[in-house]
>>> print(open('structure01.txt').read())   # compact mmCIF, C-alpha atoms
# COMPACT_ATOMS: atom_id res chain seq x y z
CA MET A 1 -11.46 16.03 13.70
CA ARG A 2 -7.80 16.80 12.97
CA MET A 3 -6.84 13.83 15.11
CA ALA A 4 -9.32 11.68 13.18
CA LEU A 5 -7.80 12.86 9.88
CA ASP A 6 -4.32 11.95 11.10
CA LEU A 7 -5.60 8.51 12.08
CA ALA A 8 -7.18 8.03 8.66
CA LYS A 9 -3.84 8.67 6.93
CA LYS A 10 -2.44 5.49 8.50
CA GLY A 11 -4.54 3.51 6.03
CA LYS A 12 -2.85 4.99 2.95
CA GLY A 13 -1.97 2.28 0.46
CA TRP A 14 -4.09 -0.41 2.14
CA THR A 15 -7.77 0.54 1.81
CA ALA A 16 -8.27 1.04 -1.96
CA PRO A 17 -10.78 1.21 -3.47
CA ASN A 18 -12.36 2.07 -0.12
CA PRO A 19 -11.85 5.54 1.42
CA LEU A 20 -9.46 6.58 4.17
CA VAL A 21 -11.48 7.09 7.35
CA GLY A 22 -10.60 7.89 10.95
CA ALA A 23 -12.92 8.00 13.97
CA ILE A 24 -12.56 9.22 17.56
CA ILE A 25 -15.06 8.73 20.39
CA VAL A 26 -15.31 11.35 23.14
CA LYS A 27 -17.31 11.05 26.38
CA ALA A 28 -17.39 13.54 29.23
CA GLY A 29 -14.57 15.49 27.61
CA LYS A 30 -12.26 12.47 27.37
CA ILE A 31 -11.23 10.36 24.38
CA ILE A 32 -12.39 6.82 25.13
CA GLY A 33 -11.88 5.18 21.75
CA GLN A 34 -10.28 5.65 18.35
CA GLY A 35 -9.77 3.72 15.15
CA TYR A 36 -9.27 3.91 11.43
CA HIS A 37 -10.03 1.82 8.34
CA GLU A 38 -6.88 -0.28 8.25
CA LYS A 39 -7.30 -2.49 5.20
CA TYR A 40 -9.78 -3.15 2.39
CA GLY A 41 -12.35 -5.77 3.37
CA GLN A 42 -11.68 -5.33 7.08
CA ALA A 43 -13.57 -3.40 9.76
CA HIS A 44 -14.38 0.26 9.14
CA ALA A 45 -13.06 3.10 11.31
CA GLU A 46 -16.26 3.38 13.35
CA VAL A 47 -16.16 -0.34 14.21
CA ASN A 48 -12.51 -0.19 15.26
CA ALA A 49 -13.10 2.92 17.36
CA ILE A 50 -15.98 1.30 19.25
CA ALA A 51 -14.00 -1.93 19.70
CA SER A 52 -11.15 0.05 21.27
CA ALA A 53 -13.41 1.96 23.70
CA GLU A 54 -12.32 1.95 27.34
CA GLU A 55 -15.93 2.24 28.56
CA ASP A 56 -19.51 2.09 27.34
CA VAL A 57 -19.94 4.40 24.33
CA ALA A 58 -23.62 5.08 25.02
CA GLY A 59 -24.17 8.85 25.16
CA ALA A 60 -20.78 9.61 23.58
CA THR A 61 -19.85 11.77 20.59
CA MET A 62 -18.10 10.25 17.57
CA TYR A 63 -15.93 12.37 15.29
CA VAL A 64 -15.59 10.67 11.91
CA THR A 65 -13.91 12.01 8.76
CA LEU A 66 -16.47 10.56 6.33
CA GLU A 67 -20.19 9.96 6.57
CA PRO A 68 -20.92 6.53 8.13
CA CYS A 69 -22.05 3.99 5.54
CA SER A 70 -25.65 2.83 5.43
CA HIS A 71 -25.39 -0.18 3.12
CA PHE A 72 -24.11 -3.74 3.27
CA GLY A 73 -20.76 -4.17 1.51
CA LYS A 74 -17.83 -6.21 2.79
CA THR A 75 -19.07 -5.24 6.25
CA PRO A 76 -22.48 -4.31 7.80
CA PRO A 77 -23.67 -0.66 7.84
CA CYS A 78 -21.77 1.50 10.33
CA SER A 79 -24.82 3.72 10.83
CA ASP A 80 -26.72 0.75 12.29
CA LEU A 81 -23.85 0.05 14.69
CA LEU A 82 -23.85 3.64 15.98
CA ILE A 83 -27.59 3.40 16.55
CA ASP A 84 -27.28 0.05 18.35
CA LYS A 85 -24.48 1.36 20.58
CA LYS A 86 -26.54 4.45 21.47
CA ILE A 87 -24.01 7.02 20.26
CA LYS A 88 -25.59 10.39 21.11
CA ARG A 89 -23.88 12.71 18.61
CA VAL A 90 -21.92 12.25 15.39
CA VAL A 91 -19.64 14.94 13.94
CA VAL A 92 -18.84 14.33 10.25
CA GLY A 93 -16.05 15.74 8.10
CA ALA A 94 -17.30 15.12 4.54
CA LEU A 95 -20.35 13.53 2.99
CA ASP A 96 -19.84 10.28 1.12
CA PRO A 97 -20.34 10.74 -2.67
CA ASN A 98 -20.97 7.01 -3.08
CA PRO A 99 -24.49 6.74 -4.58
CA LEU A 100 -25.13 3.87 -2.14
CA VAL A 101 -24.56 6.27 0.78
CA ALA A 102 -24.85 9.92 -0.39
CA GLY A 103 -26.52 11.32 2.74
CA LYS A 104 -28.46 8.17 3.59
CA GLY A 105 -26.18 7.39 6.53
CA ILE A 106 -26.79 10.78 8.07
CA GLU A 107 -30.54 10.56 7.43
CA ARG A 108 -30.63 7.18 9.15
CA LEU A 109 -28.80 8.49 12.19
CA ARG A 110 -31.06 11.52 12.53
CA ALA A 111 -34.17 9.41 12.06
CA ASN A 112 -33.07 7.43 15.12
CA GLY A 113 -32.59 10.47 17.33
CA ILE A 114 -28.83 10.95 16.90
CA GLU A 115 -27.62 14.53 16.55
CA VAL A 116 -25.45 14.94 13.46
CA VAL A 117 -23.13 17.85 12.67
CA THR A 118 -21.59 17.97 9.19
CA GLY A 119 -18.93 19.93 7.31
CA ILE A 120 -16.24 20.03 10.01
CA LEU A 121 -12.87 20.32 8.19
CA GLU A 122 -14.79 19.30 5.09
CA LYS A 123 -12.18 20.45 2.56
CA GLU A 124 -9.41 18.61 4.39
CA SER A 125 -11.56 15.48 4.55
CA GLN A 126 -12.37 15.68 0.85
CA GLN A 127 -8.74 16.22 -0.13
CA LEU A 128 -7.62 13.27 1.95
CA ASN A 129 -10.01 11.13 -0.08
CA GLU A 130 -9.60 12.84 -3.47
CA VAL A 131 -8.93 9.45 -5.09
CA PHE A 132 -12.09 7.92 -3.64
CA MET A 133 -14.15 11.04 -4.35
CA LYS A 134 -13.42 10.74 -8.08
CA TYR A 135 -13.38 6.97 -8.46
CA ILE A 136 -16.63 6.19 -6.62
CA VAL A 137 -18.52 8.57 -8.92
CA THR A 138 -16.77 8.12 -12.30
CA LYS A 139 -15.29 4.61 -11.91
CA GLU A 140 -12.13 6.01 -13.49
CA PRO A 141 -8.75 6.29 -11.74
CA PHE A 142 -7.39 9.48 -10.23
CA VAL A 143 -4.20 10.25 -12.20
CA VAL A 144 -1.15 11.97 -10.72
CA MET A 145 1.48 13.09 -13.27
CA LYS A 146 4.91 13.21 -11.60
CA ASN A 147 8.08 14.76 -13.02
CA ALA A 148 11.56 15.55 -11.77
CA MET A 149 13.48 18.24 -13.64
CA SER A 150 16.36 20.66 -13.45
CA LEU A 151 15.90 24.37 -12.84
CA ASP A 152 15.89 24.89 -16.62
CA GLY A 153 13.19 22.26 -17.18
CA LYS A 154 15.28 19.30 -18.35
CA ILE A 155 14.51 15.73 -17.34
CA ALA A 156 17.73 14.32 -18.81
CA THR A 157 21.01 15.41 -20.39
CA VAL A 158 21.55 15.39 -24.17
CA THR A 159 23.01 11.88 -23.76
CA GLY A 160 19.84 10.70 -22.01
CA GLU A 161 21.30 10.46 -18.50
CA SER A 162 18.56 11.12 -15.95
CA GLN A 163 19.53 9.29 -12.75
CA TRP A 164 19.41 11.13 -10.53
CA ILE A 165 18.16 14.66 -11.13
CA SER A 166 16.24 14.89 -7.87
CA GLY A 167 17.73 14.20 -4.44
CA GLU A 168 17.24 11.22 -2.13
CA PRO A 169 14.44 12.79 0.01
CA ALA A 170 12.41 13.48 -3.15
CA ARG A 171 12.96 9.96 -4.46
CA ARG A 172 11.92 8.53 -1.11
CA GLN A 173 8.71 10.57 -1.20
CA VAL A 174 7.93 9.17 -4.67
CA HIS A 175 8.33 5.61 -3.40
CA VAL A 176 5.83 6.39 -0.63
CA LEU A 177 3.42 7.60 -3.33
CA ARG A 178 3.95 4.39 -5.29
CA HIS A 179 2.77 2.53 -2.20
CA GLU A 180 -0.26 4.77 -1.77
CA LEU A 181 -1.59 4.59 -5.36
CA SER A 182 -2.99 1.48 -7.04
CA GLY A 183 -1.14 1.67 -10.34
CA ILE A 184 1.95 3.16 -11.97
CA MET A 185 1.95 3.92 -15.69
CA VAL A 186 4.82 4.54 -18.10
CA GLY A 187 5.29 4.64 -21.84
CA ILE A 188 7.27 2.07 -23.82
CA GLU A 189 10.16 4.48 -24.33
CA THR A 190 10.76 4.53 -20.56
CA VAL A 191 10.90 0.74 -20.50
CA LEU A 192 13.26 0.57 -23.50
CA LYS A 193 15.57 3.21 -22.05
CA ASP A 194 15.62 2.45 -18.32
CA ASP A 195 14.27 -1.13 -17.89
CA PRO A 196 12.65 0.00 -14.60
CA GLN A 197 11.23 -2.12 -11.78
CA LEU A 198 8.39 0.33 -11.01
CA THR A 199 8.06 -0.88 -7.44
CA SER A 200 7.97 0.79 -4.05
CA ARG A 201 11.26 0.41 -2.22
CA MET A 202 9.73 1.35 1.12
CA PRO A 203 9.58 -1.30 3.88
CA ASN A 204 6.17 -2.85 4.57
CA SER A 205 4.62 -1.38 1.44
CA ASN A 206 2.42 -2.39 -1.47
CA ASN A 207 3.72 -2.40 -5.02
CA PRO A 208 1.44 -0.72 -7.57
CA ILE A 209 0.13 -2.55 -10.61
CA ARG A 210 2.54 -1.74 -13.44
CA ILE A 211 0.93 -0.42 -16.63
CA VAL A 212 2.88 0.07 -19.86
CA VAL A 213 1.43 2.03 -22.77
CA ASP A 214 2.91 0.28 -25.81
CA SER A 215 0.93 0.92 -28.99
CA GLN A 216 2.97 -1.46 -31.18
CA LEU A 217 3.98 -3.96 -28.48
CA ARG A 218 7.69 -3.27 -28.72
CA ILE A 219 8.43 -4.30 -25.14
CA PRO A 220 11.36 -6.77 -24.89
CA ILE A 221 10.40 -10.16 -23.45
CA ALA A 222 13.39 -9.92 -21.10
CA SER A 223 12.20 -6.64 -19.52
CA THR A 224 12.39 -6.58 -15.72
CA ILE A 225 8.69 -5.82 -15.30
CA LEU A 226 7.88 -8.94 -17.36
CA THR A 227 10.34 -11.34 -15.78
CA HIS A 228 9.68 -10.31 -12.17
CA GLN A 229 5.96 -10.93 -11.87
CA GLU A 230 6.36 -11.97 -8.23
CA GLU A 231 6.98 -8.31 -7.36
CA ALA A 232 3.86 -6.86 -8.94
CA GLN A 233 1.30 -7.46 -11.66
CA THR A 234 2.02 -6.01 -15.11
CA ILE A 235 -0.55 -4.82 -17.64
CA ILE A 236 0.34 -3.78 -21.17
CA ALA A 237 -2.00 -1.47 -23.06
CA THR A 238 -1.66 -1.78 -26.81
CA THR A 239 -3.60 -1.57 -30.09
CA SER A 240 -4.52 -3.88 -32.96
CA LYS A 241 -1.04 -3.19 -34.36
CA ALA A 242 0.38 -5.59 -31.79
CA ASP A 243 1.90 -8.82 -33.10
CA LYS A 244 -0.56 -11.62 -32.31
CA GLU A 245 2.15 -14.20 -31.57
CA LYS A 246 3.83 -11.83 -29.11
CA VAL A 247 0.47 -11.17 -27.45
CA ALA A 248 0.05 -14.93 -26.99
CA THR A 249 3.58 -15.28 -25.57
CA LEU A 250 3.04 -12.47 -23.07
CA LYS A 251 -0.27 -13.91 -21.94
CA GLN A 252 1.46 -17.26 -21.33
CA MET A 253 3.89 -15.36 -19.11
CA GLY A 254 0.96 -14.09 -17.02
CA ILE A 255 0.92 -10.58 -18.49
CA GLU A 256 -2.49 -8.99 -18.96
CA ILE A 257 -2.95 -7.36 -22.37
CA ILE A 258 -5.51 -4.60 -22.91
CA VAL A 259 -6.23 -3.72 -26.54
CA THR A 260 -7.84 -0.32 -27.09
CA LYS A 261 -9.03 1.40 -30.23
CA GLU A 262 -6.39 3.59 -31.82
CA LYS A 263 -6.40 7.34 -31.36
CA ALA A 264 -4.00 9.09 -33.73
CA GLY A 265 -2.21 5.76 -34.10
CA ARG A 266 -1.75 5.36 -30.34
CA VAL A 267 -3.48 3.74 -27.37
CA ASN A 268 -6.73 5.53 -26.57
CA LEU A 269 -5.99 6.71 -23.04
CA GLN A 270 -9.58 7.65 -22.20
CA GLU A 271 -10.74 4.16 -23.12
CA LEU A 272 -7.83 2.71 -21.14
CA MET A 273 -8.87 4.64 -18.02
CA LYS A 274 -12.37 3.20 -18.21
CA THR A 275 -10.97 -0.32 -18.60
CA LEU A 276 -8.52 0.05 -15.71
CA GLY A 277 -11.24 1.56 -13.53
CA ALA A 278 -13.46 -1.43 -14.24
CA ARG A 279 -10.61 -3.62 -12.95
CA GLY A 280 -10.68 -1.79 -9.61
CA ILE A 281 -7.63 0.41 -10.21
CA ASP A 282 -8.70 3.64 -8.52
CA SER A 283 -5.48 5.67 -8.88
CA ILE A 284 -2.44 5.90 -11.13
CA LEU A 285 0.97 7.48 -10.76
CA LEU A 286 1.94 8.60 -14.25
CA GLU A 287 5.72 8.42 -14.55
CA GLY A 288 5.65 8.41 -18.33
CA GLY A 289 8.03 10.08 -20.69
CA ALA A 290 7.53 13.43 -22.37
CA THR A 291 5.37 12.08 -25.20
CA LEU A 292 3.01 10.11 -22.96
CA ASN A 293 2.74 13.07 -20.59
CA PHE A 294 1.48 15.33 -23.37
CA SER A 295 -0.95 12.67 -24.61
CA ALA A 296 -2.32 12.26 -21.08
CA LEU A 297 -2.87 16.01 -20.77
CA GLU A 298 -4.37 16.22 -24.24
CA GLU A 299 -6.77 13.35 -23.55
CA ASN A 300 -7.86 14.99 -20.27
CA ILE A 301 -7.01 12.12 -17.94
CA VAL A 302 -4.62 13.96 -15.56
CA ASP A 303 -6.05 15.18 -12.24
CA LYS A 304 -2.97 16.31 -10.34
CA VAL A 305 0.56 17.37 -11.29
CA GLN A 306 3.59 16.91 -9.05
CA THR A 307 6.96 18.35 -10.05
CA TYR A 308 10.31 18.22 -8.29
CA ILE A 309 12.71 20.98 -9.38
CA ALA A 310 16.34 20.27 -8.57
CA PRO A 311 18.81 23.11 -7.90
CA LYS A 312 20.90 22.42 -11.00
CA ILE A 313 21.03 23.58 -14.60
CA ILE A 314 21.54 21.07 -17.42
CA GLY A 315 21.10 22.98 -20.70
CA GLY A 316 21.13 21.58 -24.22
CA LYS A 317 18.57 22.35 -26.89
CA ASP A 318 18.14 18.62 -27.54
CA ALA A 319 17.89 17.62 -23.88
CA LYS A 320 14.41 16.31 -23.09
CA THR A 321 11.78 18.24 -21.17
CA ALA A 322 8.94 16.84 -19.07
CA VAL A 323 6.17 17.37 -21.64
CA GLU A 324 6.78 17.25 -25.38
CA GLY A 325 4.53 15.62 -27.97
CA ALA A 326 2.84 17.88 -30.50
CA GLY A 327 2.49 20.74 -28.03
CA ILE A 328 -0.06 23.54 -28.15
CA LEU A 329 -0.33 26.19 -30.83
CA SER A 330 -1.33 29.16 -28.67
CA LEU A 331 -1.18 30.05 -24.98
CA LYS A 332 -4.95 30.02 -24.67
CA GLU A 333 -4.74 26.24 -25.23
CA ALA A 334 -2.34 25.75 -22.30
CA PHE A 335 -3.35 23.33 -19.56
CA PRO A 336 -4.19 25.53 -16.54
CA ILE A 337 -3.24 24.39 -13.06
CA HIS A 338 -4.89 25.63 -9.88
CA ARG A 339 -4.47 25.23 -6.11
CA MET A 340 -0.70 25.32 -6.52
CA THR A 341 1.48 24.69 -3.48
CA ALA A 342 5.24 24.74 -3.07
CA VAL A 343 7.44 23.20 -0.35
CA MET A 344 11.04 22.12 -0.07
CA VAL A 345 11.83 18.39 -0.05
CA GLY A 346 15.48 18.16 0.80
CA GLU A 347 17.22 20.45 -1.68
CA ASP A 348 14.43 20.12 -4.27
CA LEU A 349 11.45 22.41 -4.73
CA PHE A 350 8.24 20.35 -4.76
CA LEU A 351 5.33 21.86 -6.68
CA GLU A 352 1.83 20.38 -6.64
CA GLY A 353 -1.36 21.51 -8.34
CA TYR A 354 -4.57 20.35 -9.93
CA ILE A 355 -5.45 20.34 -13.61
CA ASP A 356 -8.51 22.30 -14.71
CA LYS A 357 -10.34 19.46 -16.46
CA LYS A 358 -11.68 20.20 -19.94
CA LYS A 359 -15.43 19.99 -20.11
>>> encode(input="structure01.txt", output="structure tokens")
Amino acid sequence: MRMALDLAKKGKGWTAPNPLVGAIIVKAGKIIGQGYHEKYGQAHAEVNAIASAEEDVAGATMYVTLEPCSHFGKTPPCSDLLIDKKIKRVVVGALDPNPLVAGKGIERLRANGIEVVTGILEKESQQLNEVFMKYIVTKEPFVVMKNAMSLDGKIATVTGESQWISGEPARRQVHVLRHELSGIMVGIETVLKDDPQLTSRMPNSNNPIRIVVDSQLRIPIASTILTHQEEAQTIIATTSKADKEKVATLKQMGIEIIVTKEKAGRVNLQELMKTLGARGIDSILLEGGATLNFSALEENIVDKVQTYIAPKIIGGKDAKTAVEGAGILSLKEAFPIHRMTAVMVGEDLFLEGYIDKKK
């Protein structure tokens, strides 16, 4: 199953909004076939594993990280294929939360005499597909809030200089994440200050859809993310405050405009998540500024937090921190984080944890 999980990871950045799945076929104690879901719309892991088999798979055991599908989508049901090929035993990592599957694949296999074992490395399988596990049920994107800061919590100097606080290995890891997630979201202040590209600089990678939260549509027409549409699609989320003529101009440039209801004079982020989810965006890397970060936490849209802490001290009472906005009034209102992990990435300390979602 660990080998199947490693295989599944090869599909990162290519399968959305489908899950990452790996499959290995074993017969007489020998691996005779293996495969993974390589790209959205293409063959599933089980199909690729069977296609790669060195001998007849009849009587073999298949190890698969996610429950085989039992419905027609872009491809036929994998459960039917396993039955047709006379697979004897199927070992499953995690059950599929997709309402179209949700145990039906396993039921179908068992009804046709196939032994099924479930829950093998279940937590690892679920974590691998944490994006899919949320999106397939809620139809809202999984949001990762990423920050890079100094040891004293600053994301820039008092003059606004911020490139680069983190080291090259950390920045490279972020570009990999940009490839793996469907969208990248920033606030208008980030665009005005940095004029970023918001692309993945990794070879053979996907660029995320660029999303700018801009309540009053202040974005300059000459911004890089508007003038370089060949690199990636750009969406601007705004409100009714936006100038109608500018909206028309941006649409003529091929920019998608999403208008949400106002919330405290700003873009309603919860409404925006529903709209983006309906467009098939299953995950977002939030690289917003301090104000947008607080709004995202306050509106309960953040699922995971990633922070790189560089071994340097910046200081300055007016130097920006990662989360600002209105802030909380008492510690009991703080946003709790659980399942924290810490590893070194180059010289930077990389912290990762999950937000306890407000009910």
>>> atom_distance(input="structure01.txt", atom1="atom CA of Cys78 of chain A", atom2="atom CA of Glu180 of chain A")
24.9 Å
>>> closest_residue(input="structure01.txt", among="A:Gly183, A:Glu287, A:Ile236, A:Asn293", to="Ala326 of chain A", atoms="all atoms listed in the file")
A:Asn293
>>> closest_residue(input="structure01.txt", among="A:Ser150, A:Ile25, A:Ile120, A:Tyr36", to="Gly315 of chain A", atoms="only C-alpha atoms")
A:Ser150
>>> residues_near_point(input="structure01.txt", point="(4.6, 11.8, -11.9)", cutoff="8 Å", atoms="only C-alpha atoms", output="ChimeraX atom specification")
/A:144-148,285-288,305-307
>>> residues_around(input="structure01.txt", residues="Leu66 of chain A", least_positions_apart="4", cutoff="10 Å", atoms="all atoms listed in the file", output="mmCIF file with C-alpha atoms, keeping the file's coordinate frame")
data_model
loop_
_atom_site.group_PDB
_atom_site.id
_atom_site.type_symbol
_atom_site.label_atom_id
_atom_site.label_comp_id
_atom_site.auth_asym_id
_atom_site.auth_seq_id
_atom_site.Cartn_x
_atom_site.Cartn_y
_atom_site.Cartn_z
ATOM 1 C CA ALA A 4 -9.320 11.680 13.180
ATOM 2 C CA LEU A 5 -7.800 12.860 9.880
ATOM 3 C CA ALA A 8 -7.180 8.030 8.660
ATOM 4 C CA PRO A 19 -11.850 5.540 1.420
ATOM 5 C CA LEU A 20 -9.460 6.580 4.170
ATOM 6 C CA VAL A 21 -11.480 7.090 7.350
ATOM 7 C CA GLY A 22 -10.600 7.890 10.950
ATOM 8 C CA ALA A 23 -12.920 8.000 13.970
ATOM 9 C CA ALA A 45 -13.060 3.100 11.310
ATOM 10 C CA VAL A 91 -19.640 14.940 13.940
ATOM 11 C CA VAL A 92 -18.840 14.330 10.250
ATOM 12 C CA GLY A 93 -16.050 15.740 8.100
ATOM 13 C CA ALA A 94 -17.300 15.120 4.540
ATOM 14 C CA LEU A 95 -20.350 13.530 2.990
ATOM 15 C CA ASP A 96 -19.840 10.280 1.120
ATOM 16 C CA PRO A 97 -20.340 10.740 -2.670
ATOM 17 C CA THR A 118 -21.590 17.970 9.190
ATOM 18 C CA GLY A 119 -18.930 19.930 7.310
ATOM 19 C CA GLU A 122 -14.790 19.300 5.090
ATOM 20 C CA SER A 125 -11.560 15.480 4.550
ATOM 21 C CA GLN A 126 -12.370 15.680 0.850
ATOM 22 C CA ASN A 129 -10.010 11.130 -0.080
#
>>> residues_near_point(input="structure01.txt", point="(-14.6, 11.9, -6.9)", cutoff="12 Å", atoms="only C-alpha atoms", output="ChimeraX atom specification")
/A:17,19,95-99,126-143,282-283,303
>>> decode(input="structure01.txt", residues="segment 308-353 of chain A", atoms="C-alpha atoms", output="PDB file, in the first residue's frame")
ATOM      1  CA  TYR A 308       8.204  29.175   6.596  1.00  0.00           C
ATOM      2  CA  ILE A 309      10.257  30.791   9.380  1.00  0.00           C
ATOM      3  CA  ALA A 310      13.600  32.159   8.233  1.00  0.00           C
ATOM      4  CA  PRO A 311      16.585  32.328  10.616  1.00  0.00           C
ATOM      5  CA  LYS A 312      16.712  36.123  10.653  1.00  0.00           C
ATOM      6  CA  ILE A 313      15.297  38.956  12.737  1.00  0.00           C
ATOM      7  CA  ILE A 314      13.859  42.061  11.049  1.00  0.00           C
ATOM      8  CA  GLY A 315      12.266  44.168  13.808  1.00  0.00           C
ATOM      9  CA  GLY A 316      10.290  47.381  13.413  1.00  0.00           C
ATOM     10  CA  LYS A 317       6.960  48.106  15.052  1.00  0.00           C
ATOM     11  CA  ASP A 318       5.542  49.160  11.676  1.00  0.00           C
ATOM     12  CA  ALA A 319       6.919  46.184   9.744  1.00  0.00           C
ATOM     13  CA  LYS A 320       4.092  43.976   8.499  1.00  0.00           C
ATOM     14  CA  THR A 321       3.168  40.625  10.015  1.00  0.00           C
ATOM     15  CA  ALA A 322       1.506  37.679   8.288  1.00  0.00           C
ATOM     16  CA  VAL A 323      -1.995  38.260   9.687  1.00  0.00           C
ATOM     17  CA  GLU A 324      -3.334  41.706  10.541  1.00  0.00           C
ATOM     18  CA  GLY A 325      -6.835  43.001   9.832  1.00  0.00           C
ATOM     19  CA  ALA A 326      -9.052  43.771  12.805  1.00  0.00           C
ATOM     20  CA  GLY A 327      -7.576  40.974  14.906  1.00  0.00           C
ATOM     21  CA  ILE A 328      -9.252  39.182  17.791  1.00  0.00           C
ATOM     22  CA  LEU A 329     -10.265  40.748  21.089  1.00  0.00           C
ATOM     23  CA  SER A 330      -9.479  37.844  23.414  1.00  0.00           C
ATOM     24  CA  LEU A 331      -7.369  34.685  23.264  1.00  0.00           C
ATOM     25  CA  LYS A 332     -10.431  32.457  23.399  1.00  0.00           C
ATOM     26  CA  GLU A 333     -11.267  33.787  19.909  1.00  0.00           C
ATOM     27  CA  ALA A 334      -7.900  32.708  18.481  1.00  0.00           C
ATOM     28  CA  PHE A 335      -7.898  30.383  15.484  1.00  0.00           C
ATOM     29  CA  PRO A 336      -6.704  26.999  16.836  1.00  0.00           C
ATOM     30  CA  ILE A 337      -4.419  24.835  14.731  1.00  0.00           C
ATOM     31  CA  HIS A 338      -4.029  21.090  15.166  1.00  0.00           C
ATOM     32  CA  ARG A 339      -1.909  18.267  13.737  1.00  0.00           C
ATOM     33  CA  MET A 340       1.115  20.561  13.676  1.00  0.00           C
ATOM     34  CA  THR A 341       4.327  19.295  12.099  1.00  0.00           C
ATOM     35  CA  ALA A 342       7.738  20.909  11.786  1.00  0.00           C
ATOM     36  CA  VAL A 343      10.620  20.111   9.418  1.00  0.00           C
ATOM     37  CA  MET A 344      13.609  21.976   8.061  1.00  0.00           C
ATOM     38  CA  VAL A 345      13.549  23.105   4.419  1.00  0.00           C
ATOM     39  CA  GLY A 346      17.024  24.354   3.723  1.00  0.00           C
ATOM     40  CA  GLU A 347      17.745  26.867   6.480  1.00  0.00           C
ATOM     41  CA  ASP A 348      14.045  27.616   7.053  1.00  0.00           C
ATOM     42  CA  LEU A 349      11.740  25.988   9.579  1.00  0.00           C
ATOM     43  CA  PHE A 350       8.590  24.750   7.823  1.00  0.00           C
ATOM     44  CA  LEU A 351       5.472  24.523   9.989  1.00  0.00           C
ATOM     45  CA  GLU A 352       2.230  22.957   8.791  1.00  0.00           C
ATOM     46  CA  GLY A 353      -1.087  22.477  10.554  1.00  0.00           C
TER      47      GLY A 353
END
